[in-house]
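Trainee: Have a look at the structure that comes next, please.
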Amino acid sequence: MTVYIDLIFIINFIMDLYILSGVKFLLKLNTKFYRIIISSLIGSISLIILFIRLSTLEINILKLLISIIMVLVAFGHYKFFNRLFYLYVISIVLGGSIYLINDALGYEISGFIFIENGYNVNLIILLLISPVILFLYIREYLEQKKKINTIYQVTIKFKNKIINLEGFLDTGNKLVDPYFKRSIILVNKKFIDLRGKKVIYVPFHSLNNNGLLKCITCEYILIDNIKYYDILIGINEVNMEYDCILNERIFNNEKYNRTY
């Protein structure tokens with residue numbers, strides 16, 4: 001098999017550039033691009049270990065040391081282990097994805113941080129699909145992170161009952177009753193027993209529906225050790241993914257909260 005050192009070097013450099021850039025965008029780091037280029041060059045120069053007679057353990061130790069140097073050069077020592085972790089996460093995601101595509105299409109492609117022997121490199125496919133894979137992974141990761149950051153443990157205190165729910169902060173929920181301007185959170189009907197409670201009917205308008213929303217009062221709701229008062233509990237007749245949908249107005253208006 002003919003090995004083209006210059007081609008392997010270029011491919012490895014570009015893949016390291018992709019991976020380090022992926023870490024930068026994933027963690028939203030304000031790193032200078034020239035540091036990523038230098039770090040990628042270090043990763044590519046490390047290919048010399050493929051031509052040195054070393055044991056498997058020694059090679060793996062060298063690979064770890066090189067990846068540590070790459071992270072330090074690209075991103076510095078601040079939160080070092082966090083950045084090293086995501087360097088390997090992105091490498092594994094990219095490597096695994098390319099392996100699956102390789103298996104599906106019958107191509108043999110390579111070019112991760114450390115290139116192993118025994119592969120035929122399909123350069124065009126490798127360079128085209130890698131940024132797409134990274135883009136899709138980073139977008140999904142940030143979406144999931146954003147979703148997690150908008151989930152809260154919610155306690156609703158009624159006169160004779162307390163219920164604990166998982167609440168989702170929906171920036172689109174700005175429901176308010178037109179009489180006393182109280183914010184409304186939506187709760188799945190299965191958690192609310194209307195017997196003996198005074199029901200307030202609040203008109204609402206949405207993209208797909210208009211009507212009257214059944215609401216009841218509560219003493220307060222508790223979110224992150226903060227009590228929120230003057231809140232109405234809207235009964236959602238449609239099954240929701242979460243137990244309740246929080247109202248953005250609650251967090252943006254000081255009149256609703258007092259330290260618990």
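We name chains A, B, ... following the order of the structure tokens; residues begin at 1 in each chain, and ligands are numbered from 1 as shown.
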As a PyMOL selection string, please: all residues of range 175-216 of chain A that backbone DSSP puts in strand (DSSP E or B).
Mentor: chain A and resi 176+183-188+200-205+210-216
Trainee: I'd like the contact shell of Glu237 in chain A - 10 Å cut-off, only C-alpha atoms, skipping same-chain residues fewer than 4 positions apart - returned as a list in words.
Mentor: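 Contacts, with the query itself left out: Leu186, Val187, Asn188, Lys189, Lys190, Leu213 and Lys214 of chain A.
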Trainee: Write a file of the selected residues as a CSV table (one decimal), in the first residue's frame, keeping N, CA and C atoms.
Mentor:
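Saved file result.csv follows:
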```csv
chain,number,residue,atom,x,y,z
A,186,LEU,N,-50.0,27.1,33.0
A,186,LEU,CA,-50.9,26.0,32.5
A,186,LEU,C,-50.5,24.7,33.1
A,187,VAL,N,-51.4,24.0,33.7
A,187,VAL,CA,-51.2,22.8,34.4
A,187,VAL,C,-52.1,21.7,33.8
A,188,ASN,N,-51.5,20.5,33.6
A,188,ASN,CA,-52.2,19.4,33.0
A,188,ASN,C,-53.4,19.1,33.9
A,189,LYS,N,-54.6,18.9,33.4
A,189,LYS,CA,-55.8,18.7,34.1
A,189,LYS,C,-55.8,17.5,35.1
A,190,LYS,N,-54.9,16.5,34.8
A,190,LYS,CA,-54.9,15.3,35.7
A,190,LYS,C,-54.3,15.6,37.1
A,213,LEU,N,-60.6,29.8,29.2
A,213,LEU,CA,-59.7,28.9,30.0
A,213,LEU,C,-60.2,28.9,31.4
A,214,LYS,N,-60.4,27.6,31.9
A,214,LYS,CA,-60.7,27.4,33.3
A,214,LYS,C,-59.5,27.7,34.2
```
Trainee: If we count only C-alpha atoms and set the cut-off at 10 Å, which residues sit around Leu212 in chain A, ignoring sequence neighbours fewer than 4 positions away in its own chain? Please answer as a VMD selection string.
Mentor: chain A and resid 200 to 205
Trainee: Only C-alpha atoms, please: the residues just picked out, written as a PDB file, in the first residue's frame.
Mentor:
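Ended up saving to out_10.pdb:
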```
ATOM      1  CA  ILE A 200     -62.505  31.642  36.971  1.00  0.00           C
ATOM      2  CA  TYR A 201     -63.057  31.749  33.205  1.00  0.00           C
ATOM      3  CA  VAL A 202     -60.400  33.717  31.331  1.00  0.00           C
ATOM      4  CA  PRO A 203     -60.732  34.446  27.602  1.00  0.00           C
ATOM      5  CA  PHE A 204     -57.728  33.412  25.542  1.00  0.00           C
ATOM      6  CA  HIS A 205     -56.575  33.661  21.946  1.00  0.00           C
TER       7      HIS A 205
END
```
Trainee: Taking only C-alpha atoms into account, which of A:Leu165, A:Ile10, A:Phe75, A:Ile133 comes nearest Lys32 in chain A?
Mentor: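 Smallest separation from Lys32 in chain A among the options: A:Phe75.
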Trainee: Sorted by chain and rising residue number, list the residues of range 70-97 of chain A at most 12 Å from range 40-55 of chain A (counting only C-alpha atoms), each with its closest atom pair and distance in Å to one decimal, as a Markdown table.
Mentor:
```
| residue | atom | partner | partner_atom | distance |
| --- | --- | --- | --- | --- |
| A:Met70 | CA | A:Gly43 | CA | 6.7 |
| A:Val71 | CA | A:Ser40 | CA | 9.9 |
| A:Leu72 | CA | A:Ile42 | CA | 11.3 |
| A:Val73 | CA | A:Ile42 | CA | 9.1 |
| A:Ala74 | CA | A:Ser40 | CA | 8.6 |
```
Trainee: The selected residues should be written to file as an mmCIF file, in the first residue's frame (atoms: C-alpha atoms).
Mentor:
```cif
data_model
loop_
_atom_site.group_PDB
_atom_site.id
_atom_site.type_symbol
_atom_site.label_atom_id
_atom_site.label_comp_id
_atom_site.auth_asym_id
_atom_site.auth_seq_id
_atom_site.Cartn_x
_atom_site.Cartn_y
_atom_site.Cartn_z
ATOM 1 C CA MET A 70 -3.464 20.839 21.823
ATOM 2 C CA VAL A 71 -6.114 21.940 24.337
ATOM 3 C CA LEU A 72 -3.639 24.110 26.269
ATOM 4 C CA VAL A 73 -2.417 25.792 23.089
ATOM 5 C CA ALA A 74 -5.907 26.341 21.645
#
```
Trainee: For a quick check of understanding, using only C-alpha atoms, which of A:Arg35, A:Lys24, A:Arg139, A:Lys63 has the smallest distance to Asn82 in chain A?
Mentor: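 Looking at the shortest contact to Asn82 in chain A, the residue is A:Lys24.
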Trainee: Do you know which residues are at most 9 Å from Ile223 in chain A counting only C-alpha atoms, after dropping those on the same chain fewer than 5 positions away, and could you put them as a PyMOL selection string?
Mentor: chain A and resi 152-155+228
Trainee: Among range 197-253 of chain A, which residues does DSSP mark as alpha helix (DSSP H) when it is run on the backbone? Keep the chain and numbering as in the structure and answer as a count of residues only.
Mentor: 5
Trainee: Have a look at A:Ile185, A:Lys79, A:Leu17, A:Leu128 and name the one nearest to Leu29 in chain A; count only C-alpha atoms.
Mentor: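 Between A:Ile185, A:Lys79, A:Leu17, A:Leu128, the residue approaching Leu29 in chain A most closely is A:Lys79.
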Trainee: Which residue, A:Leu232, A:Ile216, A:Val23, A:Ile14, has the smallest gap to Gly196 in chain A when you use only C-alpha atoms?
Mentor: A:Ile216
Trainee: At a cut-off of 12 Å, using only C-alpha atoms, what residues contact Gly167 in chain A? Leave out same-chain residues fewer than 3 positions from it and give the result as JSON, numbers by chain.
Mentor: {"A": [147, 148, 149, 150, 151, 152, 153, 154, 155, 156, 163, 164, 170, 185, 186, 187, 188, 221, 222, 223, 224, 240, 241, 242, 243, 244, 245, 246, 247, 248]}
Trainee: Can you spit out the residues from that selection as a PDB file, in the first residue's frame, using N, CA and C atoms?
Mentor:
```
ATOM      1  N   LYS A 147     -33.082  23.585  26.293  1.00  0.00           N
ATOM      2  CA  LYS A 147     -34.315  22.976  26.803  1.00  0.00           C
ATOM      3  C   LYS A 147     -34.160  22.605  28.269  1.00  0.00           C
ATOM      4  N   ILE A 148     -33.012  22.023  28.626  1.00  0.00           N
ATOM      5  CA  ILE A 148     -32.771  21.636  30.014  1.00  0.00           C
ATOM      6  C   ILE A 148     -32.757  22.848  30.926  1.00  0.00           C
ATOM      7  N   ASN A 149     -32.185  23.952  30.441  1.00  0.00           N
ATOM      8  CA  ASN A 149     -32.080  25.160  31.253  1.00  0.00           C
ATOM      9  C   ASN A 149     -33.420  25.853  31.463  1.00  0.00           C
ATOM     10  N   THR A 150     -34.474  25.376  30.802  1.00  0.00           N
ATOM     11  CA  THR A 150     -35.785  25.997  30.965  1.00  0.00           C
ATOM     12  C   THR A 150     -36.764  25.061  31.674  1.00  0.00           C
ATOM     13  N   ILE A 151     -36.231  24.030  32.332  1.00  0.00           N
ATOM     14  CA  ILE A 151     -37.058  23.103  33.100  1.00  0.00           C
ATOM     15  C   ILE A 151     -36.857  23.366  34.589  1.00  0.00           C
ATOM     16  N   TYR A 152     -37.948  23.481  35.329  1.00  0.00           N
ATOM     17  CA  TYR A 152     -37.896  23.815  36.750  1.00  0.00           C
ATOM     18  C   TYR A 152     -38.762  22.839  37.545  1.00  0.00           C
ATOM     19  N   GLN A 153     -38.360  22.645  38.796  1.00  0.00           N
ATOM     20  CA  GLN A 153     -39.200  21.921  39.740  1.00  0.00           C
ATOM     21  C   GLN A 153     -40.146  22.928  40.385  1.00  0.00           C
ATOM     22  N   VAL A 154     -41.428  22.678  40.258  1.00  0.00           N
ATOM     23  CA  VAL A 154     -42.449  23.645  40.676  1.00  0.00           C
ATOM     24  C   VAL A 154     -43.315  23.031  41.772  1.00  0.00           C
ATOM     25  N   THR A 155     -43.529  23.795  42.830  1.00  0.00           N
ATOM     26  CA  THR A 155     -44.460  23.408  43.892  1.00  0.00           C
ATOM     27  C   THR A 155     -45.613  24.402  43.913  1.00  0.00           C
ATOM     28  N   ILE A 156     -46.833  23.887  43.848  1.00  0.00           N
ATOM     29  CA  ILE A 156     -48.022  24.747  43.907  1.00  0.00           C
ATOM     30  C   ILE A 156     -48.736  24.489  45.229  1.00  0.00           C
ATOM     31  N   ILE A 163     -48.940  20.325  45.494  1.00  0.00           N
ATOM     32  CA  ILE A 163     -48.563  19.423  44.402  1.00  0.00           C
ATOM     33  C   ILE A 163     -47.201  19.824  43.862  1.00  0.00           C
ATOM     34  N   ASN A 164     -46.402  18.826  43.519  1.00  0.00           N
ATOM     35  CA  ASN A 164     -45.057  19.042  42.973  1.00  0.00           C
ATOM     36  C   ASN A 164     -45.045  18.630  41.504  1.00  0.00           C
ATOM     37  N   ASP A 170     -41.981  28.480  28.982  1.00  0.00           N
ATOM     38  CA  ASP A 170     -42.306  28.750  27.582  1.00  0.00           C
ATOM     39  C   ASP A 170     -42.373  30.264  27.388  1.00  0.00           C
ATOM     40  N   ILE A 185     -50.232  30.216  34.703  1.00  0.00           N
ATOM     41  CA  ILE A 185     -49.441  29.057  34.288  1.00  0.00           C
ATOM     42  C   ILE A 185     -50.411  27.937  33.930  1.00  0.00           C
ATOM     43  N   LEU A 186     -50.047  27.130  32.971  1.00  0.00           N
ATOM     44  CA  LEU A 186     -50.910  26.050  32.499  1.00  0.00           C
ATOM     45  C   LEU A 186     -50.495  24.731  33.146  1.00  0.00           C
ATOM     46  N   VAL A 187     -51.449  24.017  33.694  1.00  0.00           N
ATOM     47  CA  VAL A 187     -51.183  22.752  34.379  1.00  0.00           C
ATOM     48  C   VAL A 187     -52.062  21.668  33.759  1.00  0.00           C
ATOM     49  N   ASN A 188     -51.468  20.495  33.552  1.00  0.00           N
ATOM     50  CA  ASN A 188     -52.247  19.368  33.041  1.00  0.00           C
ATOM     51  C   ASN A 188     -53.434  19.084  33.948  1.00  0.00           C
ATOM     52  N   ILE A 221     -46.868  29.775  44.263  1.00  0.00           N
ATOM     53  CA  ILE A 221     -46.079  28.702  43.653  1.00  0.00           C
ATOM     54  C   ILE A 221     -44.625  28.922  44.065  1.00  0.00           C
ATOM     55  N   LEU A 222     -43.897  27.818  44.170  1.00  0.00           N
ATOM     56  CA  LEU A 222     -42.500  27.874  44.622  1.00  0.00           C
ATOM     57  C   LEU A 222     -41.595  27.361  43.517  1.00  0.00           C
ATOM     58  N   ILE A 223     -40.662  28.222  43.077  1.00  0.00           N
ATOM     59  CA  ILE A 223     -39.698  27.852  42.033  1.00  0.00           C
ATOM     60  C   ILE A 223     -38.315  28.284  42.502  1.00  0.00           C
ATOM     61  N   ASP A 224     -37.389  27.340  42.607  1.00  0.00           N
ATOM     62  CA  ASP A 224     -36.025  27.656  43.036  1.00  0.00           C
ATOM     63  C   ASP A 224     -36.001  28.460  44.340  1.00  0.00           C
ATOM     64  N   MET A 240     -49.934  17.607  27.691  1.00  0.00           N
ATOM     65  CA  MET A 240     -48.699  18.321  27.386  1.00  0.00           C
ATOM     66  C   MET A 240     -47.503  17.425  27.709  1.00  0.00           C
ATOM     67  N   GLU A 241     -46.363  17.767  27.128  1.00  0.00           N
ATOM     68  CA  GLU A 241     -45.146  16.997  27.392  1.00  0.00           C
ATOM     69  C   GLU A 241     -44.717  17.164  28.843  1.00  0.00           C
ATOM     70  N   TYR A 242     -44.948  18.363  29.397  1.00  0.00           N
ATOM     71  CA  TYR A 242     -44.553  18.651  30.777  1.00  0.00           C
ATOM     72  C   TYR A 242     -45.784  18.800  31.655  1.00  0.00           C
ATOM     73  N   ASP A 243     -45.565  18.705  32.971  1.00  0.00           N
ATOM     74  CA  ASP A 243     -46.681  18.814  33.910  1.00  0.00           C
ATOM     75  C   ASP A 243     -47.328  20.187  33.852  1.00  0.00           C
ATOM     76  N   CYS A 244     -46.492  21.213  33.692  1.00  0.00           N
ATOM     77  CA  CYS A 244     -47.046  22.570  33.610  1.00  0.00           C
ATOM     78  C   CYS A 244     -46.175  23.449  32.731  1.00  0.00           C
ATOM     79  N   ILE A 245     -46.780  24.490  32.196  1.00  0.00           N
ATOM     80  CA  ILE A 245     -46.094  25.463  31.351  1.00  0.00           C
ATOM     81  C   ILE A 245     -46.039  26.783  32.125  1.00  0.00           C
ATOM     82  N   LEU A 246     -44.821  27.215  32.420  1.00  0.00           N
ATOM     83  CA  LEU A 246     -44.648  28.437  33.201  1.00  0.00           C
ATOM     84  C   LEU A 246     -44.823  29.671  32.330  1.00  0.00           C
ATOM     85  N   ASN A 247     -45.044  30.784  32.993  1.00  0.00           N
ATOM     86  CA  ASN A 247     -45.289  32.052  32.314  1.00  0.00           C
ATOM     87  C   ASN A 247     -44.057  32.951  32.460  1.00  0.00           C
ATOM     88  N   GLU A 248     -43.553  33.446  31.338  1.00  0.00           N
ATOM     89  CA  GLU A 248     -42.350  34.275  31.366  1.00  0.00           C
ATOM     90  C   GLU A 248     -42.541  35.547  32.191  1.00  0.00           C
TER      91      GLU A 248
END
```
